[in-house]
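Everything below belongs to structure.cif, which stores mmCIF, C-alpha atoms.
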data_data
#
loop_
_atom_site.label_atom_id
_atom_site.label_comp_id
_atom_site.auth_asym_id
_atom_site.auth_seq_id
_atom_site.Cartn_x
_atom_site.Cartn_y
_atom_site.Cartn_z
CA MET A 834 0.00 0.00 0.00
CA ARG A 835 2.80 2.41 0.86
CA ARG A 836 4.50 1.88 -2.52
CA PHE A 837 1.12 2.29 -4.27
CA LEU A 838 0.45 5.60 -2.51
CA SER A 839 3.95 6.80 -3.33
CA LEU A 840 3.43 6.10 -7.01
CA ILE A 841 0.11 7.97 -7.12
CA LEU A 842 1.54 10.83 -5.09
CA VAL A 843 4.35 11.26 -7.62
CA CYS A 844 1.72 11.45 -10.36
CA PHE A 845 -0.26 14.08 -8.44
CA VAL A 846 2.81 16.15 -7.60
CA GLY A 847 3.61 16.31 -11.30
CA MET A 848 0.22 17.80 -12.09
CA PRO A 849 -0.28 21.58 -12.23
CA ALA A 850 -1.57 23.32 -9.09
CA SER A 851 -4.62 24.57 -10.96
CA ALA A 852 -6.47 23.41 -14.04
CA ALA A 853 -7.50 27.00 -14.70
CA GLU A 854 -5.42 29.60 -16.51
CA VAL A 855 -4.89 32.55 -14.17
CA THR A 856 -4.77 36.15 -15.40
CA THR A 857 -4.47 39.17 -13.13
CA TYR A 858 -4.59 42.93 -13.54
CA THR A 859 -5.50 46.06 -11.60
CA LEU A 860 -7.93 48.73 -12.75
CA ASP A 861 -6.93 52.38 -12.67
CA ASN A 862 -9.11 52.92 -9.59
CA GLY A 863 -7.22 50.25 -7.65
CA MET A 864 -9.58 47.30 -8.02
CA ASP A 865 -7.76 43.96 -8.32
CA VAL A 866 -9.08 41.52 -10.92
CA VAL A 867 -8.33 37.79 -11.13
CA VAL A 868 -9.62 35.69 -14.02
CA LEU A 869 -9.63 31.90 -13.68
CA GLU A 870 -10.19 30.61 -17.18
CA ASP A 871 -11.76 27.14 -17.35
CA HIS A 872 -13.78 26.14 -20.41
CA ARG A 873 -15.02 22.73 -19.26
CA ALA A 874 -18.57 23.98 -18.68
CA PRO A 875 -20.45 27.01 -20.11
CA VAL A 876 -20.80 28.73 -16.73
CA ALA A 877 -19.20 31.73 -15.07
CA VAL A 878 -18.85 32.72 -11.43
CA GLN A 879 -18.40 36.34 -10.41
CA MET A 880 -17.25 37.06 -6.89
CA VAL A 881 -16.50 40.45 -5.36
CA TRP A 882 -14.47 40.25 -2.16
CA TYR A 883 -14.15 43.30 0.07
CA ARG A 884 -11.14 43.50 2.35
CA ALA A 885 -13.44 44.33 5.24
CA GLY A 886 -14.98 41.93 7.71
CA ALA A 887 -16.03 41.74 11.32
CA ALA A 888 -12.46 42.35 12.54
CA ASP A 889 -12.44 45.73 10.77
CA GLU A 890 -15.49 47.12 12.56
CA PRO A 891 -15.20 50.22 14.75
CA PRO A 892 -15.57 49.56 18.48
CA GLY A 893 -19.15 49.42 19.73
CA VAL A 894 -20.86 48.43 16.47
CA SER A 895 -20.14 44.71 16.38
CA GLY A 896 -22.07 42.95 13.65
CA ILE A 897 -22.11 45.93 11.27
CA ALA A 898 -20.16 44.06 8.56
CA HIS A 899 -22.67 41.21 8.56
CA PHE A 900 -25.58 43.64 8.84
CA LEU A 901 -24.36 45.50 5.76
CA GLU A 902 -24.11 42.20 3.89
CA HIS A 903 -27.90 41.88 4.35
CA LEU A 904 -28.50 45.49 3.41
CA MET A 905 -26.57 45.15 0.15
CA PHE A 906 -29.58 43.37 -1.37
CA LYS A 907 -31.72 46.49 -0.94
CA ALA A 908 -32.31 49.18 -3.57
CA THR A 909 -29.68 51.13 -5.47
CA ASP A 910 -30.15 54.15 -7.72
CA ASP A 911 -30.90 51.75 -10.61
CA LEU A 912 -32.15 48.54 -8.95
CA ALA A 913 -35.21 47.91 -6.82
CA SER A 914 -34.84 46.11 -3.51
CA GLY A 915 -34.30 42.41 -4.22
CA GLU A 916 -34.02 42.95 -7.98
CA LEU A 917 -30.47 41.63 -8.27
CA SER A 918 -31.31 38.24 -6.74
CA ASN A 919 -34.62 38.02 -8.57
CA THR A 920 -32.89 38.68 -11.89
CA VAL A 921 -30.22 36.05 -11.23
CA ALA A 922 -32.90 33.49 -10.35
CA ARG A 923 -34.91 34.36 -13.44
CA ILE A 924 -31.97 33.61 -15.74
CA GLY A 925 -31.35 30.27 -14.01
CA GLY A 926 -28.42 31.31 -11.83
CA SER A 927 -27.74 31.49 -8.11
CA ASP A 928 -26.34 34.17 -5.84
CA ASN A 929 -25.49 34.75 -2.21
CA ALA A 930 -23.05 36.45 0.15
CA PHE A 931 -21.10 35.72 3.32
CA THR A 932 -19.14 37.57 5.98
CA SER A 933 -16.01 36.50 7.82
CA TRP A 934 -13.66 38.32 10.17
CA ASP A 935 -11.40 39.28 7.25
CA HIS A 936 -13.73 39.79 4.31
CA THR A 937 -17.25 40.10 2.96
CA ALA A 938 -17.98 38.45 -0.38
CA TYR A 939 -20.83 38.50 -2.91
CA PHE A 940 -21.20 36.04 -5.78
CA GLN A 941 -23.34 34.93 -8.69
CA ARG A 942 -23.13 31.71 -10.70
CA VAL A 943 -24.72 32.10 -14.14
CA ALA A 944 -24.47 30.94 -17.74
CA ALA A 945 -21.29 32.40 -19.18
CA ASP A 946 -23.16 34.61 -21.65
CA ARG A 947 -24.92 36.37 -18.72
CA LEU A 948 -21.72 37.56 -17.06
CA GLU A 949 -22.12 41.14 -18.28
CA LEU A 950 -25.58 41.41 -16.75
CA VAL A 951 -24.50 40.35 -13.26
CA MET A 952 -21.33 42.43 -13.45
CA LYS A 953 -23.38 45.51 -14.24
CA MET A 954 -25.66 44.90 -11.26
CA GLU A 955 -22.83 44.08 -8.85
CA ALA A 956 -20.94 47.21 -9.85
CA ASP A 957 -24.08 49.28 -9.33
CA ARG A 958 -24.39 48.33 -5.67
CA MET A 959 -20.71 48.88 -4.89
CA ARG A 960 -21.13 52.65 -4.65
CA ASP A 961 -24.83 53.44 -5.18
CA LEU A 962 -26.73 51.64 -2.42
CA GLN A 963 -29.76 53.70 -1.32
CA LEU A 964 -30.67 52.72 2.26
CA THR A 965 -33.71 53.87 4.21
CA GLU A 966 -34.71 53.76 7.87
CA ASP A 967 -37.28 51.09 6.97
CA ASP A 968 -34.49 48.93 5.54
CA ILE A 969 -32.57 49.26 8.80
CA THR A 970 -35.57 48.38 10.97
CA THR A 971 -36.51 45.35 8.88
CA GLU A 972 -33.05 43.84 8.43
CA ARG A 973 -31.97 44.53 12.00
CA GLN A 974 -34.81 42.31 13.13
CA VAL A 975 -33.67 39.68 10.61
CA ILE A 976 -30.11 39.54 11.97
CA LEU A 977 -31.36 39.48 15.57
CA GLU A 978 -33.53 36.50 14.71
CA GLU A 979 -30.53 34.91 12.99
CA ARG A 980 -28.61 35.27 16.22
CA ASN A 981 -31.52 33.72 18.10
CA GLN A 982 -31.56 30.68 15.84
CA ARG A 983 -27.85 30.10 15.21
CA THR A 984 -26.23 31.27 18.43
CA ASP A 985 -28.50 31.90 21.40
CA SER A 986 -30.41 28.64 20.92
CA ASP A 987 -27.23 26.58 20.52
CA PRO A 988 -25.00 26.07 23.59
CA ASN A 989 -22.08 25.00 21.39
CA SER A 990 -22.23 28.31 19.51
CA LEU A 991 -22.45 30.25 22.77
CA TYR A 992 -19.43 28.38 24.06
CA GLY A 993 -17.59 29.18 20.84
CA GLU A 994 -18.08 32.88 21.49
CA GLN A 995 -16.74 32.47 25.02
CA TRP A 996 -13.51 30.69 24.14
CA MET A 997 -12.83 33.00 21.18
CA SER A 998 -13.17 36.08 23.39
CA ALA A 999 -10.83 34.45 25.92
CA LEU A 1000 -8.23 33.37 23.36
CA TYR A 1001 -8.05 36.79 21.70
CA MET A 1002 -7.49 39.13 24.61
CA ASN A 1003 -7.07 42.25 22.45
CA HIS A 1004 -7.55 41.35 18.79
CA PRO A 1005 -11.07 41.80 17.32
CA TYR A 1006 -11.19 38.11 16.30
CA GLY A 1007 -12.54 37.73 19.82
CA ILE A 1008 -15.76 39.53 18.79
CA PRO A 1009 -18.37 37.34 17.08
CA ILE A 1010 -19.02 37.98 13.40
CA ILE A 1011 -22.76 38.29 13.96
CA GLY A 1012 -22.10 40.74 16.80
CA TRP A 1013 -22.94 41.02 20.49
CA ARG A 1014 -26.70 41.28 20.94
CA GLN A 1015 -26.72 44.53 22.91
CA GLU A 1016 -24.74 46.25 20.15
CA MET A 1017 -26.72 44.67 17.31
CA GLU A 1018 -29.91 46.11 18.78
CA GLU A 1019 -28.49 49.63 18.42
CA LEU A 1020 -27.11 49.40 14.85
CA GLY A 1021 -28.46 52.26 12.76
CA LEU A 1022 -28.43 53.86 9.35
CA ASP A 1023 -25.42 56.05 10.11
CA ASP A 1024 -23.39 53.02 11.19
CA ALA A 1025 -24.21 51.12 8.01
CA GLU A 1026 -23.53 54.06 5.70
CA ALA A 1027 -20.21 54.89 7.37
CA PHE A 1028 -18.93 51.31 6.99
CA TYR A 1029 -20.27 51.12 3.43
CA LYS A 1030 -18.75 54.39 2.24
CA LYS A 1031 -15.35 53.61 3.70
CA TYR A 1032 -14.87 49.97 2.72
CA TYR A 1033 -17.14 49.28 -0.26
CA ALA A 1034 -14.88 50.80 -2.85
CA PRO A 1035 -12.95 49.48 -5.85
CA ASN A 1036 -9.57 50.05 -4.19
CA ASN A 1037 -10.70 47.78 -1.33
CA ALA A 1038 -12.15 45.03 -3.53
CA ILE A 1039 -11.04 41.98 -5.46
CA LEU A 1040 -13.03 40.82 -8.48
CA ILE A 1041 -12.75 37.10 -9.16
CA VAL A 1042 -14.26 35.78 -12.40
CA ALA A 1043 -13.98 32.04 -12.97
CA GLY A 1044 -15.23 29.68 -15.66
CA ASP A 1045 -15.89 29.77 -19.39
CA VAL A 1046 -14.60 33.30 -19.96
CA ASP A 1047 -11.96 35.12 -21.98
CA PRO A 1048 -9.58 37.24 -19.86
CA GLN A 1049 -9.54 40.14 -22.30
CA GLU A 1050 -13.31 40.22 -22.50
CA VAL A 1051 -13.50 40.17 -18.69
CA LYS A 1052 -11.05 43.06 -18.54
CA ALA A 1053 -13.15 45.06 -20.99
CA LEU A 1054 -16.29 44.43 -18.92
CA ALA A 1055 -14.52 45.28 -15.67
CA ASP A 1056 -13.20 48.53 -17.19
CA THR A 1057 -16.72 49.38 -18.36
CA TYR A 1058 -18.65 48.68 -15.16
CA TYR A 1059 -16.17 48.86 -12.27
CA GLY A 1060 -13.64 51.21 -13.86
CA PRO A 1061 -15.68 54.43 -13.44
CA LEU A 1062 -16.30 53.86 -9.71
CA GLU A 1063 -14.55 56.27 -7.37
CA PRO A 1064 -12.06 54.81 -4.85
CA THR A 1065 -12.03 55.68 -1.17
CA PRO A 1066 -9.18 58.18 -0.70
CA GLY A 1067 -6.58 57.50 1.99
CA LEU A 1068 -7.85 54.03 2.84
CA GLY A 1069 -4.38 52.72 3.70
CA GLU A 1070 -3.40 49.37 5.16
CA ARG A 1071 -5.50 47.54 7.70
CA MET A 1072 -4.67 48.68 11.22
CA ARG A 1073 -5.97 46.32 13.89
CA PRO A 1074 -5.20 45.90 17.58
CA GLN A 1075 -2.74 43.04 18.01
CA GLU A 1076 -2.32 40.47 20.75
CA PRO A 1077 0.03 41.28 23.63
CA PRO A 1078 2.37 38.51 24.82
CA GLN A 1079 0.17 35.77 26.22
CA LEU A 1080 1.68 34.60 29.50
CA ALA A 1081 -0.98 32.52 31.20
CA GLU A 1082 -3.19 29.57 30.36
CA ARG A 1083 -6.89 30.36 30.35
CA ARG A 1084 -9.59 27.88 31.36
CA LEU A 1085 -13.37 27.93 31.00
CA ILE A 1086 -16.18 25.87 32.45
CA PHE A 1087 -19.26 26.44 30.33
CA GLU A 1088 -22.50 25.04 31.72
CA ASP A 1089 -25.85 24.96 29.96
CA PRO A 1090 -28.81 22.64 30.63
CA ARG A 1091 -29.17 22.14 26.85
CA VAL A 1092 -25.74 20.47 26.53
CA SER A 1093 -26.41 16.90 25.41
CA ASP A 1094 -22.86 15.53 25.63
CA ALA A 1095 -20.05 16.94 27.75
CA TYR A 1096 -16.71 17.51 26.02
CA VAL A 1097 -13.29 19.17 26.33
CA THR A 1098 -11.66 21.53 23.86
CA ARG A 1099 -8.35 23.30 23.71
CA ASN A 1100 -7.65 26.09 21.25
CA TYR A 1101 -4.17 27.44 20.72
CA LEU A 1102 -3.13 30.71 19.13
CA ALA A 1103 -1.30 29.71 15.93
CA PRO A 1104 0.44 31.45 13.00
CA GLU A 1105 -1.49 31.98 9.79
CA ARG A 1106 -0.31 31.63 6.20
CA ASP A 1107 1.86 34.67 5.54
CA PRO A 1108 2.76 36.05 2.11
CA GLY A 1109 5.97 34.40 0.96
CA ALA A 1110 6.28 32.44 4.23
CA GLN A 1111 3.73 29.63 4.34
CA GLU A 1112 6.00 26.80 5.49
CA GLU A 1113 4.98 26.71 9.17
CA ALA A 1114 1.31 26.96 8.25
CA ALA A 1115 1.77 24.04 5.86
CA ALA A 1116 3.27 21.96 8.67
CA LEU A 1117 0.30 22.84 10.89
CA GLU A 1118 -2.11 21.87 8.11
CA ILE A 1119 -0.54 18.42 7.94
CA LEU A 1120 -0.38 18.21 11.75
CA SER A 1121 -4.14 18.77 12.02
CA SER A 1122 -4.77 16.02 9.47
CA LEU A 1123 -2.44 13.63 11.28
CA LEU A 1124 -4.09 14.27 14.64
CA GLY A 1125 -7.72 14.44 13.60
CA GLY A 1126 -8.25 14.10 9.88
CA ASN A 1127 -9.50 10.52 9.74
CA SER A 1128 -12.13 8.80 11.91
CA PHE A 1129 -10.14 5.56 11.97
CA THR A 1130 -6.44 6.22 11.44
CA SER A 1131 -5.75 9.68 12.92
CA VAL A 1132 -3.55 9.81 16.00
CA LEU A 1133 -6.15 11.02 18.49
CA GLN A 1134 -8.83 8.63 17.26
CA ARG A 1135 -6.47 5.66 17.36
CA LYS A 1136 -5.09 6.41 20.81
CA LEU A 1137 -8.22 7.64 22.59
CA VAL A 1138 -11.06 5.83 20.84
CA PHE A 1139 -9.59 2.46 19.89
CA GLU A 1140 -6.68 1.92 22.30
CA ASP A 1141 -7.57 3.70 25.56
CA GLN A 1142 -11.31 3.59 24.80
CA LYS A 1143 -11.87 6.83 26.68
CA ALA A 1144 -13.42 8.79 23.80
CA LEU A 1145 -16.40 8.47 21.56
CA TYR A 1146 -14.89 11.00 19.22
CA THR A 1147 -11.86 13.31 18.92
CA TRP A 1148 -10.95 16.12 16.56
CA ALA A 1149 -8.24 18.51 15.47
CA TYR A 1150 -8.49 21.43 13.06
CA TYR A 1151 -6.51 24.32 11.68
CA SER A 1152 -7.37 27.03 9.18
CA GLY A 1153 -4.41 29.03 7.98
CA VAL A 1154 -6.29 31.50 5.77
CA ASN A 1155 -6.45 34.44 8.18
CA TYR A 1156 -5.14 37.98 8.01
CA ASP A 1157 -3.78 37.74 11.57
CA ASP A 1158 -2.94 34.89 13.95
CA THR A 1159 -5.38 32.00 13.70
CA THR A 1160 -6.24 29.00 15.90
CA PHE A 1161 -5.30 25.35 16.15
CA GLY A 1162 -7.96 23.35 17.97
CA ILE A 1163 -8.25 19.88 19.48
CA GLY A 1164 -11.01 18.20 21.46
CA ILE A 1165 -12.40 15.05 22.98
CA LEU A 1166 -15.93 13.74 23.56
CA PRO A 1167 -15.47 11.15 26.33
CA VAL A 1168 -17.36 7.89 26.68
CA PRO A 1169 -20.02 7.77 29.42
CA GLY A 1170 -18.41 7.35 32.81
CA VAL A 1171 -15.16 9.15 31.92
CA SER A 1172 -14.97 12.53 33.63
CA LEU A 1173 -13.92 15.67 31.82
CA GLU A 1174 -10.85 15.80 34.05
CA ASP A 1175 -9.83 12.30 32.97
CA ALA A 1176 -10.67 13.08 29.34
CA GLU A 1177 -8.43 16.15 29.38
CA ALA A 1178 -5.62 14.13 30.98
CA ALA A 1179 -5.98 11.46 28.29
CA LEU A 1180 -5.86 14.12 25.59
CA ASP A 1181 -2.67 15.60 27.04
CA LYS A 1182 -1.14 12.14 27.32
CA ALA A 1183 -1.92 11.41 23.66
CA LEU A 1184 -0.28 14.67 22.55
CA ALA A 1185 2.80 13.98 24.68
CA GLU A 1186 3.12 10.48 23.22
CA PHE A 1187 2.81 11.82 19.70
CA LEU A 1188 5.64 14.31 20.28
CA GLU A 1189 7.80 11.58 21.83
CA GLU A 1190 7.05 8.83 19.29
CA GLY A 1191 7.22 11.05 16.23
CA VAL A 1192 5.26 10.91 13.00
CA ASP A 1193 4.27 7.56 11.55
CA ALA A 1194 5.86 7.51 8.09
CA GLU A 1195 3.03 5.64 6.39
CA GLN A 1196 0.35 7.88 7.87
CA PHE A 1197 2.40 10.95 6.92
CA GLU A 1198 2.56 9.80 3.32
CA ARG A 1199 -1.16 9.01 3.28
CA VAL A 1200 -2.07 12.49 4.58
CA LYS A 1201 0.06 14.19 1.94
CA PHE A 1202 -1.58 12.09 -0.74
CA GLN A 1203 -5.06 12.93 0.53
CA LEU A 1204 -4.34 16.66 0.68
CA ARG A 1205 -2.99 16.69 -2.86
CA ALA A 1206 -5.91 14.65 -4.13
CA SER A 1207 -8.48 16.91 -2.46
CA GLN A 1208 -6.90 19.98 -4.06
CA ILE A 1209 -7.07 18.39 -7.50
CA TYR A 1210 -10.65 17.19 -7.05
CA ALA A 1211 -11.65 20.71 -5.97
CA GLU A 1212 -10.70 21.92 -9.44
CA ASP A 1213 -13.95 20.39 -10.70
CA SER A 1214 -15.87 23.36 -9.25
CA VAL A 1215 -15.09 26.82 -10.60
CA GLN A 1216 -16.94 28.28 -7.62
CA SER A 1217 -14.66 26.44 -5.18
CA LEU A 1218 -11.69 27.64 -7.18
CA ALA A 1219 -12.92 31.23 -7.04
CA ARG A 1220 -13.41 30.94 -3.27
CA ARG A 1221 -9.90 29.55 -2.82
CA TYR A 1222 -8.34 32.56 -4.53
CA GLY A 1223 -10.73 35.13 -3.07
CA GLY A 1224 -10.34 33.92 0.50
CA ALA A 1225 -6.57 33.92 0.22
CA LEU A 1226 -6.21 37.29 -1.50
CA SER A 1227 -8.61 39.06 0.88
CA SER A 1228 -6.57 37.66 3.79
CA GLY A 1229 -3.33 39.20 2.58
CA LEU A 1230 -1.90 36.40 0.42
CA THR A 1231 -0.96 36.73 -3.24
CA VAL A 1232 -1.78 34.74 -6.36
CA GLU A 1233 1.77 33.39 -6.21
CA ASP A 1234 1.14 32.17 -2.65
CA VAL A 1235 -2.02 30.35 -3.72
CA GLU A 1236 -0.24 28.66 -6.59
CA ALA A 1237 2.76 27.71 -4.45
CA TRP A 1238 0.69 26.24 -1.60
CA PRO A 1239 0.28 22.66 -2.94
CA ASP A 1240 4.02 22.26 -3.48
CA ILE A 1241 4.82 23.80 -0.09
CA LEU A 1242 2.53 21.24 1.53
CA GLN A 1243 4.29 18.41 -0.27
CA ALA A 1244 7.71 19.73 0.81
CA VAL A 1245 6.85 19.50 4.53
CA THR A 1246 8.96 16.96 6.41
CA GLU A 1247 8.11 14.90 9.47
CA GLU A 1248 10.48 17.03 11.53
CA ASP A 1249 8.74 20.21 10.28
CA VAL A 1250 5.48 18.85 11.66
CA LEU A 1251 7.01 18.07 15.06
CA ASP A 1252 8.69 21.48 15.24
CA ALA A 1253 5.39 23.20 14.46
CA ALA A 1254 3.59 21.11 17.08
CA ARG A 1255 6.16 21.95 19.77
CA ASN A 1256 5.88 25.63 18.91
CA VAL A 1257 2.08 25.75 18.99
CA PHE A 1258 1.27 23.38 21.85
CA ASP A 1259 2.00 25.90 24.59
CA LYS A 1260 -0.79 26.21 27.15
CA ARG A 1261 0.19 29.80 27.89
CA HIS A 1262 -1.20 30.60 24.44
CA ALA A 1263 -4.33 28.50 24.77
CA VAL A 1264 -7.83 28.28 26.19
CA THR A 1265 -8.99 24.94 27.60
CA GLY A 1266 -12.71 24.55 28.04
CA TRP A 1267 -15.08 22.07 29.66
CA VAL A 1268 -18.61 22.05 28.29
CA ARG A 1269 -21.25 20.32 30.39
CA GLN A 1270 -24.66 20.55 31.99
CA PRO A 1271 -24.92 22.45 35.29
CA GLN A 1272 -23.61 20.39 38.18
CA THR A 1273 -25.79 19.32 41.10
CA GLU A 1274 -24.74 20.15 44.62
CA GLU A 1275 -23.68 16.52 45.18
CA GLU A 1276 -21.54 16.54 42.02
CA VAL A 1277 -19.85 19.78 43.05
CA ILE A 1278 -18.98 18.33 46.47
CA GLN A 1279 -17.50 15.22 44.89
#

Show how you would write the structure in this file as structure tokens.
Amino acid sequence: MRRFLSLILVCFVGMPASAAEVTTYTLDNGMDVVVLEDHRAPVAVQMVWYRAGAADEPPGVSGIAHFLEHLMFKATDDLASGELSNTVARIGGSDNAFTSWDHTAYFQRVAADRLELVMKMEADRMRDLQLTEDDITTERQVILEERNQRTDSDPNSLYGEQWMSALYMNHPYGIPIIGWRQEMEELGLDDAEAFYKKYYAPNNAILIVAGDVDPQEVKALADTYYGPLEPTPGLGERMRPQEPPQLAERRLIFEDPRVSDAYVTRNYLAPERDPGAQEEAAALEILSSLLGGNSFTSVLQRKLVFEDQKALYTWAYYSGVNYDDTTFGIGILPVPGVSLEDAEAALDKALAEFLEEGVDAEQFERVKFQLRASQIYAEDSVQSLARRYGGALSSGLTVEDVEAWPDILQAVTEEDVLDAARNVFDKRHAVTGWVRQPQTEEEVIQ
């Protein structure tokens, strides 16, 4: 099996990082344009990524980036409220938007010959949104109800807010994307317009067009519809509060009667993928797959589920596409009868053994193969491809970084993984949490 995987891996490594031809240029007003040319299907995806997300919000108006995402579907000087989405649906396409800490993105997937239509509409709402007080009142209620359904009614989501705010002591990643309720309730028209006028500008945006398109034709369309838009003067680089030196472990006990299964998590502050310096992030990507990427063969599953039989499930994750420091997380859901204290001790023991024993060569090779294969399979979707580039570029990476990433992953050595693990697994830079139902008086005494 090992020789078989090696042979296939060599074949994959010899393949290009992307099946699409990549063309880039910048409009005179500062808007970056990336064209991912792929003629396998007669479809086109347009995505506009703004380098502005929840972590760029002014203090006291948490949730304004996500709120504005909703408001962007209201009327412009040329479009009625909801007209953009209705038009896309009428021509057989789909559209949506999403907000993260580092970006807000809007996209349409349409037949390739309808690209000009959606580009015209998307450009129209970049600078000419016409908001009213009624829009604010209606959509504010929508986002509050969204918080009710996705966060306040879910103890796991509430816990997620708690550990994030503990891990990031100063950086705005500790503020939830949807916002704190008391601040969401006060969001107004002035807040939305101020954020919109500052950040929704061509010199703060990346246009990604992927699919059955010609780069020169896309450039002509972009010049026609986005080119005349005025940039925001003096926007400058992102300036965010940064983390001070973290000197002490933080611990949480989160109790909620709605918790169905108690579990333990630990989240470490970890480096993100940096422009021109992605090697440590690549090692962490492979580390997360080794520890928790497979339900049967990953290190934590094998040690804690099958050998020690103290866990029903374990996990590890890492996402390196961040503008600032990101997180590396691990966790354990213990079997009935195993306390959270014992579960945490078993988790620590498994990590210590991994660092002492080193990386299993066969598993290491399998993980590299799986990562390479997943990247190649993802090429089948031009929308996934557009999201890969847009997410990276709006988080500070370059096209060259995106294209180099697969080979950087394959160049990671076993010792690189262990070095990255030793660097990140420092409890002074971590939050350990126990999630459980409220304890009875007898349980507390015990």

Expected answer as a ChimeraX atom specification: all residues with atoms within 12 Å of (-7.3, 26.3, 27.9), all atoms listed in the file = /A:995-997,999-1000,1081-1086,1097-1102,1161-1164,1177,1181,1258-1267

Name every residue that the PyMOL selection byres ((chain A and resi 1112-1120) around 9) selects in this structure, writing the answer as number ranges by chain with chains first and numbers rising.
-> A: 1103-1107, 1109-1111, 1121-1125, 1149-1153, 1161, 1197, 1200-1201, 1204, 1238, 1241-1247, 1249-1254, 1257

Run through the PyMOL selection byres ((chain A and resi 896) around 9) on the given coordinates and return the selected residues as a list in words.
->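 That selection, the PyMOL selection byres ((chain A and resi 896) around 9), comes back as Ala887, Glu890, Val894, Ser895, Ile897, Ala898, His899, Phe900, Leu901, Ile976, Ile1008, Pro1009, Ile1010, Ile1011, Gly1012, Trp1013, Arg1014, Glu1016, Met1017 and Leu1020 of chain A.
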
Chain and number of each residue from the PyMOL selection byres ((chain A and resi 1055) around 10), as a list in words =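 The output of the PyMOL selection byres ((chain A and resi 1055) around 10) on this file is Thr859, Leu860, Met864, Val866, Glu949, Met952, Lys953, Ala956, Leu1040, Gln1049, Glu1050, Val1051, Lys1052, Ala1053, Leu1054, Asp1056, Thr1057, Tyr1058, Tyr1059, Gly1060 and Pro1061 of chain A.
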
Å distance separating CA of Ser998 (chain A) from CA of Arg1071 (chain A), one decimal place |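 Atom-to-atom, CA of Ser998 (chain A) and CA of Arg1071 (chain A) are spaced 20.9 Å apart.
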
What separation in Å, quoted to one decimal, exists between CA of Gln1203 (chain A) and CA of Pro1239 (chain A)?
-> 11.6 Å

Provide the CA of Val1192 (chain A) to CA of Leu1145 (chain A) distance in Å, to one decimal place.
->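 CA of Leu1145 (chain A) lies at a distance of 23.4 Å from CA of Val1192 (chain A).
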
Tell me which of A:Phe931, A:Tyr858, A:Phe940, A:Phe1202 sits closest to Ala1219 (chain A), counting all atoms listed in the file.
->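 Among A:Phe931, A:Tyr858, A:Phe940, A:Phe1202, it is A:Phe940 that comes nearest to Ala1219 (chain A).
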
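All residues of protein, DNA or RNA that reach within 9 Å of Asn929 (chain A), judged by only C-alpha atoms and not counting those fewer than 4 positions away in the chain, are Ser918, Ala938, Tyr939, Phe940 and Gln941 of chain A.
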
Nearest to Phe906 (chain A) among A:Leu1226, A:Val975, A:Leu962, A:Leu948, with distances taken over only C-alpha atoms: which residue is it?
->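 Smallest distance to Phe906 (chain A) is found for A:Leu962.
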
Take the point (-29.4, 39.0, 1.6) as written in the file and pick out every residue within 9 Å of it, counting only C-alpha atoms; give the list as number ranges by chain.
-> A: 902-907, 915, 918, 929-930
